[in-house]
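A.B. asks: So that you have it, the file is run27.txt, and it contains compact mmCIF, C-alpha atoms:
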# COMPACT_ATOMS: atom_id res chain seq x y z
CA MET A 9 18.97 -26.43 -17.91
CA GLY A 10 16.95 -23.22 -17.91
CA ARG A 11 13.71 -25.16 -17.72
CA MET A 12 15.03 -27.22 -14.82
CA VAL A 13 15.94 -24.11 -12.83
CA SER A 14 12.63 -22.40 -13.59
CA THR A 15 10.75 -25.55 -12.55
CA PHE A 16 12.54 -25.56 -9.20
CA PHE A 17 11.94 -21.88 -8.46
CA ASN A 18 8.35 -22.16 -9.63
CA GLY A 19 7.62 -24.29 -6.57
CA VAL A 20 9.60 -22.04 -4.26
CA ILE A 21 8.06 -18.73 -5.37
CA ASN A 22 5.46 -18.59 -8.14
CA GLU A 23 3.46 -21.65 -7.08
CA ASN A 24 4.55 -21.94 -3.48
CA PRO A 25 2.01 -24.47 -2.15
CA THR A 26 1.48 -22.61 1.11
CA LEU A 27 1.89 -18.93 0.28
CA ARG A 28 0.54 -18.91 -3.29
CA LEU A 29 -1.67 -21.97 -3.87
CA VAL A 30 -2.78 -22.21 -0.21
CA ILE A 31 -3.09 -26.01 -0.23
CA GLY A 32 -2.04 -28.67 2.27
CA MET A 33 -2.75 -26.29 5.14
CA CYS A 34 -3.49 -28.75 7.99
CA PRO A 35 0.17 -29.45 8.88
CA VAL A 36 1.08 -25.82 8.19
CA LEU A 37 -1.25 -24.61 10.92
CA ALA A 38 -0.75 -27.52 13.31
CA VAL A 39 3.00 -28.16 13.52
CA THR A 40 4.41 -24.63 13.32
CA THR A 41 4.40 -23.96 17.05
CA ALA A 42 8.18 -24.51 16.92
CA VAL A 43 10.69 -24.13 14.10
CA VAL A 44 12.20 -27.57 14.65
CA ASN A 45 8.79 -29.16 14.06
CA GLY A 46 8.27 -27.25 10.83
CA PHE A 47 11.76 -28.12 9.63
CA TRP A 48 11.38 -31.88 10.09
CA MET A 49 7.87 -31.86 8.66
CA GLY A 50 9.27 -30.10 5.60
CA VAL A 51 12.11 -32.60 5.29
CA ALA A 52 9.62 -35.47 5.34
CA VAL A 53 7.48 -33.82 2.66
CA ILE A 54 10.52 -33.12 0.45
CA PHE A 55 11.53 -36.78 0.65
CA VAL A 56 8.04 -38.17 -0.05
CA LEU A 57 7.31 -35.67 -2.81
CA THR A 58 10.60 -36.11 -4.65
CA ALA A 59 10.77 -39.90 -4.29
CA SER A 60 7.15 -40.28 -5.40
CA ASN A 61 7.73 -38.04 -8.41
CA ILE A 62 10.74 -40.12 -9.45
CA LEU A 63 8.96 -43.48 -9.32
CA ILE A 64 5.74 -42.23 -10.90
CA SER A 65 7.69 -40.59 -13.72
CA LEU A 66 9.73 -43.75 -14.29
CA LEU A 67 6.56 -45.83 -14.62
CA ARG A 68 4.36 -43.26 -16.35
CA ASN A 69 4.40 -45.06 -19.72
CA VAL A 70 3.40 -48.44 -18.29
CA THR A 71 0.79 -47.28 -15.76
CA PRO A 72 -2.78 -47.92 -16.99
CA ALA A 73 -4.80 -44.73 -17.01
CA GLN A 74 -7.70 -46.46 -15.28
CA VAL A 75 -5.68 -47.16 -12.11
CA ARG A 76 -3.30 -44.22 -12.06
CA ILE A 77 -4.82 -42.55 -8.95
CA PRO A 78 -4.73 -45.75 -6.82
CA PHE A 79 -1.18 -46.30 -8.09
CA PHE A 80 -0.17 -42.78 -7.08
CA ILE A 81 -1.63 -43.29 -3.60
CA VAL A 82 0.18 -46.62 -3.12
CA VAL A 83 3.49 -45.04 -4.15
CA ILE A 84 2.98 -42.02 -1.88
CA ALA A 85 1.92 -44.26 1.02
CA THR A 86 5.05 -46.38 0.59
CA PHE A 87 7.43 -43.42 0.83
CA THR A 88 5.39 -41.87 3.64
CA THR A 89 5.78 -45.09 5.63
CA ILE A 90 9.54 -44.99 5.02
CA ALA A 91 9.71 -41.38 6.24
CA ASP A 92 7.59 -42.24 9.28
CA LEU A 93 9.77 -45.20 10.28
CA VAL A 94 13.04 -43.32 9.73
CA LEU A 95 11.86 -40.41 11.89
CA ALA A 96 10.69 -42.83 14.58
CA ALA A 97 14.13 -44.50 14.56
CA PHE A 98 16.41 -41.46 14.43
CA GLN A 99 14.27 -38.60 15.78
CA PRO A 100 11.84 -40.21 18.24
CA ASP A 101 11.06 -36.94 20.05
CA ILE A 102 10.19 -35.17 16.79
CA HIS A 103 8.22 -38.20 15.63
CA ALA A 104 6.18 -38.13 18.82
CA THR A 105 5.57 -34.39 18.50
CA LEU A 106 4.49 -34.50 14.86
CA GLY A 107 2.35 -37.54 15.60
CA LEU A 108 -0.43 -38.21 13.11
CA PHE A 109 0.70 -35.50 10.69
CA ILE A 110 3.49 -37.68 9.27
CA PRO A 111 1.13 -40.51 8.15
CA LEU A 112 -1.28 -37.87 6.86
CA ILE A 113 1.30 -36.90 4.22
CA VAL A 114 -0.36 -39.69 2.22
CA VAL A 115 -3.44 -37.53 1.67
CA ASN A 116 -1.61 -34.23 1.29
CA CYS A 117 -3.04 -32.71 -1.87
CA ILE A 118 0.33 -31.13 -2.75
CA ILE A 119 1.91 -34.53 -3.36
CA LEU A 120 -1.00 -36.13 -5.18
CA GLY A 121 -1.45 -32.98 -7.27
CA ARG A 122 2.18 -32.93 -8.42
CA ALA A 123 2.02 -36.64 -9.22
CA GLU A 124 -0.95 -36.05 -11.51
CA ALA A 125 0.08 -32.71 -13.00
CA VAL A 126 3.83 -33.19 -13.41
CA ALA A 127 5.37 -36.59 -12.61
CA SER A 128 2.91 -38.61 -14.71
CA ARG A 129 3.52 -36.38 -17.74
CA ASN A 130 7.19 -35.42 -17.65
CA THR A 131 10.70 -36.85 -17.56
CA VAL A 132 12.43 -37.94 -14.35
CA PRO A 133 14.85 -34.95 -14.15
CA LEU A 134 12.00 -32.46 -14.51
CA SER A 135 9.91 -34.37 -11.98
CA ILE A 136 12.82 -34.32 -9.53
CA MET A 137 13.20 -30.55 -9.82
CA ASP A 138 9.45 -30.09 -9.41
CA GLY A 139 9.45 -32.24 -6.27
CA LEU A 140 12.46 -30.47 -4.80
CA GLY A 141 11.06 -27.04 -5.65
CA MET A 142 7.59 -27.68 -4.24
CA GLY A 143 9.03 -29.38 -1.17
CA THR A 144 11.51 -26.58 -0.56
CA GLY A 145 8.81 -23.94 -0.98
CA PHE A 146 6.59 -25.80 1.51
CA THR A 147 9.48 -26.16 3.98
CA LEU A 148 10.48 -22.50 3.76
CA ALA A 149 6.88 -21.45 4.40
CA LEU A 150 6.74 -23.73 7.45
CA ILE A 151 10.02 -22.37 8.82
CA ILE A 152 9.02 -18.73 8.31
CA LEU A 153 5.60 -19.23 9.91
CA ALA A 154 7.06 -21.26 12.78
CA SER A 155 9.78 -18.64 13.35
CA ILE A 156 7.19 -15.90 13.77
CA ARG A 157 5.10 -18.00 16.14
CA GLU A 158 7.98 -19.36 18.22
CA ILE A 159 9.81 -16.04 18.59
CA LEU A 160 6.71 -14.07 19.55
CA GLY A 161 5.04 -16.88 21.46
CA ALA A 162 8.00 -18.32 23.38
CA GLY A 163 10.91 -15.93 22.84
CA THR A 164 13.02 -18.70 21.33
CA TRP A 165 14.18 -19.89 17.90
CA PHE A 166 15.02 -23.56 17.40
CA GLY A 167 14.63 -23.75 21.18
CA LEU A 168 17.33 -21.14 21.83
CA PRO A 169 16.47 -17.85 23.63
CA VAL A 170 16.60 -14.91 21.21
CA MET A 171 14.60 -12.20 22.99
CA PRO A 172 15.95 -9.87 25.70
CA GLU A 173 15.25 -10.38 29.39
CA GLY A 174 11.90 -9.03 30.42
CA PHE A 175 10.25 -10.05 27.15
CA GLU A 176 6.70 -11.21 27.75
CA PRO A 177 5.77 -13.94 25.23
CA ALA A 178 2.44 -13.59 23.47
CA VAL A 179 1.15 -17.05 24.25
CA VAL A 180 -1.65 -16.64 21.73
CA MET A 181 0.94 -16.98 18.95
CA ILE A 182 1.54 -20.65 19.74
CA LEU A 183 -2.20 -21.31 19.97
CA PRO A 184 -4.48 -21.94 16.93
CA PRO A 185 -5.56 -18.27 16.63
CA GLY A 186 -1.91 -17.26 16.36
CA ALA A 187 -1.44 -19.66 13.48
CA PHE A 188 -4.28 -18.11 11.48
CA VAL A 189 -3.21 -14.52 12.24
CA SER A 190 0.43 -15.20 11.31
CA LEU A 191 -0.56 -17.01 8.13
CA GLY A 192 -2.84 -14.15 7.14
CA PHE A 193 -0.02 -11.62 7.45
CA LEU A 194 2.32 -13.91 5.49
CA LEU A 195 -0.18 -14.32 2.66
CA GLY A 196 -0.71 -10.57 2.55
CA ALA A 197 3.05 -9.95 2.47
CA MET A 198 3.50 -12.51 -0.31
CA ASN A 199 0.77 -10.86 -2.39
CA LEU A 200 2.34 -7.44 -1.84
CA ILE A 201 5.81 -8.67 -2.82
CA THR A 202 4.45 -10.37 -5.92
CA ALA A 203 2.59 -7.24 -6.95
CA ARG A 204 5.69 -5.08 -6.45
CA LEU A 205 7.86 -7.48 -8.44
CA SER A 206 5.39 -7.49 -11.32
CA ASN A 207 5.22 -3.64 -11.21
CA ARG A 208 1.47 -3.51 -11.05
CA PRO A 209 -1.04 -2.58 -8.36
CA MET A 210 -2.47 -5.51 -6.40
CA GLY A 211 -6.02 -4.73 -7.52
CA SER A 212 -5.27 -4.13 -11.19
CA LYS A 213 -6.03 -7.68 -12.26
CA SER A 214 -9.34 -7.84 -10.45
CA GLN A 215 -10.29 -4.36 -11.68
CA SER A 216 -9.60 -5.30 -15.29
CA SER A 217 -11.61 -8.50 -14.83
CA GLY A 218 -14.48 -6.46 -13.44
CA SER A 219 -14.35 -4.05 -16.37
CA ALA A 220 -14.41 -6.93 -18.82
CA GLY A 221 -17.41 -8.40 -17.00
CA GLN A 222 -19.25 -5.07 -17.22
CA LYS A 223 -18.56 -4.88 -20.96
CA LEU A 224 -19.90 -8.38 -21.47
CA GLU A 225 -23.03 -7.59 -19.48
CA GLY A 226 -23.59 -4.46 -21.49
Mind converting the file's structure to structure tokens?
C.D. replies:
Amino acid sequence: MGRMVSTFFNGVINENPTLRLVIGMCPVLAVTTAVVNGFWMGVAVIFVLTASNILISLLRNVTPAQVRIPFFIVVIATFTTIADLVLAAFQPDIHATLGLFIPLIVVNCIILGRAEAVASRNTVPLSIMDGLGMGTGFTLALIILASIREILGAGTWFGLPVMPEGFEPAVVMILPPGAFVSLGFLLGAMNLITARLSNRPMGSKSQSSGSAGQKLEG
């Protein structure tokens, strides 16, 4: 049970795909102009990631090594299509807003990476927790980034006004430059929090690596 819990929180915190690994960034920067977009994008990724992990783990012992990558892609594409069709049926407005970024989940390196690194080598329960953890971490990052951009750029949160009258929205926050600036501050905050939690200065690791390099050169 301890390993299951640690696997889940590993994806949420230690190996958060957005704030720690910095992978799968196209949808992160593109869809976070509003919190509702980030939320539904995250839900779709959680579904595809977890479902793909389950099926790949179930079939890991009968999948030929020579075709494992094409097999992973077919599995991921199947669940991505399901997510795309369900969103189109039940959330047509969100589906239209997210547009091409739902089908592009197929090539999201987060999902293919977890299929190769975890699902193809571990049991189904562990693969489920990895998928849920990574998906939740990705979704939380989307919601946090979208909250910053929507509140500052439109004065709303989930479409509801949250700023006082007279607030002048910073329109740049819902434009591409705002995405990069907000993400930069989030990455810096995550690094600072991680350093504080580990009780070591942020530059200690790099400094020790530099010292070791100088010793080797000498």
A.B. asks: Considering all atoms listed in the file, give me a table of residues in region 80-190 of chain A that are at most 7 Å from region 64-76 of chain A, with the closest atom pair and distance in Å for each, as a tab-separated table.
C.D. replies:
residue	atom	partner	partner_atom	distance
A:Phe80	CA	A:Arg76	CA	6.1
A:Ala123	CA	A:Ile64	CA	6.9
A:Ala127	CA	A:Ser65	CA	4.8
A:Ser128	CA	A:Arg68	CA	5.1
A:Asn130	CA	A:Ser65	CA	6.5
A:Thr131	CA	A:Ser65	CA	6.1
A:Val132	CA	A:Ser65	CA	5.5
A:Ser135	CA	A:Ser65	CA	6.8
A.B. asks: Would you compute the distance between CA of Glu158 (chain A) and CA of Cys117 (chain A)? Give it in Å to one decimal.
C.D. replies: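 Separating CA of Glu158 (chain A) from CA of Cys117 (chain A) is a distance of 26.5 Å.
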A.B. asks: Within 7 Å of (4.9, -19.0, 11.1), only C-alpha atoms: residues as a ChimeraX atom specification?
C.D. replies: /A:40,150-157,187,190-191
A.B. asks: I'd like the interatomic distance between CA of Asn116 (chain A) and CA of Val94 (chain A), to a tenth of an Å.
C.D. replies: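 Taking CA of Asn116 (chain A) as the start and CA of Val94 (chain A) as the end point, the length is 19.2 Å.
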A.B. asks: Please measure the separation of CA of Phe16 (chain A) and CA of Thr147 (chain A), giving the value in Å to one decimal.
C.D. replies: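 Result for CA of Phe16 (chain A) versus CA of Thr147 (chain A): 13.5 Å, one decimal.
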A.B. asks: Ranking A:Met181, A:Leu134, A:Ile62, A:Leu95 by minimum distance to Met9 (chain A) and counting all atoms listed in the file, which one comes first?
C.D. replies: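 Closest candidate: A:Leu134.
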A.B. asks: Excluding same-chain residues fewer than 4 positions from Thr144 (chain A), what lies within 10 Å of it counting all atoms listed in the file, as JSON, numbers by chain?
C.D. replies: {"A": [16, 17, 19, 20, 21, 24, 25, 50, 51, 53, 54, 138, 139, 140, 148, 149, 150]}
A.B. asks: Find the residues around Leu108 (chain A) up to 12 Å (only C-alpha atoms counted), leave out those fewer than 6 positions away in its own chain, and share them as a list in words.
C.D. replies: Cys34, Pro35, Ala38, Val39, Met49, Thr88, Thr89, Asp92, Ile102, Val114 and Val115 of chain A
A.B. asks: Write a file of the selected residues as a PDB file, keeping the file's coordinate frame, keeping C-alpha atoms.
C.D. replies:
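Contents of the output file result_18.pdb:
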ATOM      1  CA  CYS A  34      -3.490 -28.750   7.990  1.00  0.00           C
ATOM      2  CA  PRO A  35       0.170 -29.450   8.880  1.00  0.00           C
ATOM      3  CA  ALA A  38      -0.750 -27.520  13.310  1.00  0.00           C
ATOM      4  CA  VAL A  39       3.000 -28.160  13.520  1.00  0.00           C
ATOM      5  CA  MET A  49       7.870 -31.860   8.660  1.00  0.00           C
ATOM      6  CA  THR A  88       5.390 -41.870   3.640  1.00  0.00           C
ATOM      7  CA  THR A  89       5.780 -45.090   5.630  1.00  0.00           C
ATOM      8  CA  ASP A  92       7.590 -42.240   9.280  1.00  0.00           C
ATOM      9  CA  ILE A 102      10.190 -35.170  16.790  1.00  0.00           C
ATOM     10  CA  VAL A 114      -0.360 -39.690   2.220  1.00  0.00           C
ATOM     11  CA  VAL A 115      -3.440 -37.530   1.670  1.00  0.00           C
TER      12      VAL A 115
END
A.B. asks: Check the smallest atom-to-atom distance from each of A:Ile110, A:Ala59, A:Leu200, A:Leu183 to Leu37 (chain A) using only C-alpha atoms, then report the winner.
C.D. replies: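 Looking at the shortest contact to Leu37 (chain A), the residue is A:Leu183.
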A.B. asks: Which is closer to Thr105 (chain A) than all the others in A:Ala42, A:Leu27, A:Val83, A:Ile159, using all atoms listed in the file?
C.D. replies: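 The shortest atom-to-atom distance to Thr105 (chain A) comes from A:Ala42.
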A.B. asks: Could you check which of A:Ala197, A:Ile81, A:Leu57, A:Ile90 is closest to Arg122 (chain A), using only C-alpha atoms?
C.D. replies: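 Smallest distance to Arg122 (chain A) is found for A:Leu57.
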A.B. asks: Which of these residues is nearest to Ile113 (chain A), using all atoms listed in the file: A:Val43, A:Pro100, A:Glu23, A:Phe87?
C.D. replies: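 Of A:Val43, A:Pro100, A:Glu23, A:Phe87, the one nearest Ile113 (chain A) is A:Phe87, counting all atoms listed in the file.
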A.B. asks: Using only C-alpha atoms, which residue out of A:Thr15, A:Asn199, A:Thr41, A:Asn22 lies closest to Val179 (chain A)?
C.D. replies: A:Thr41
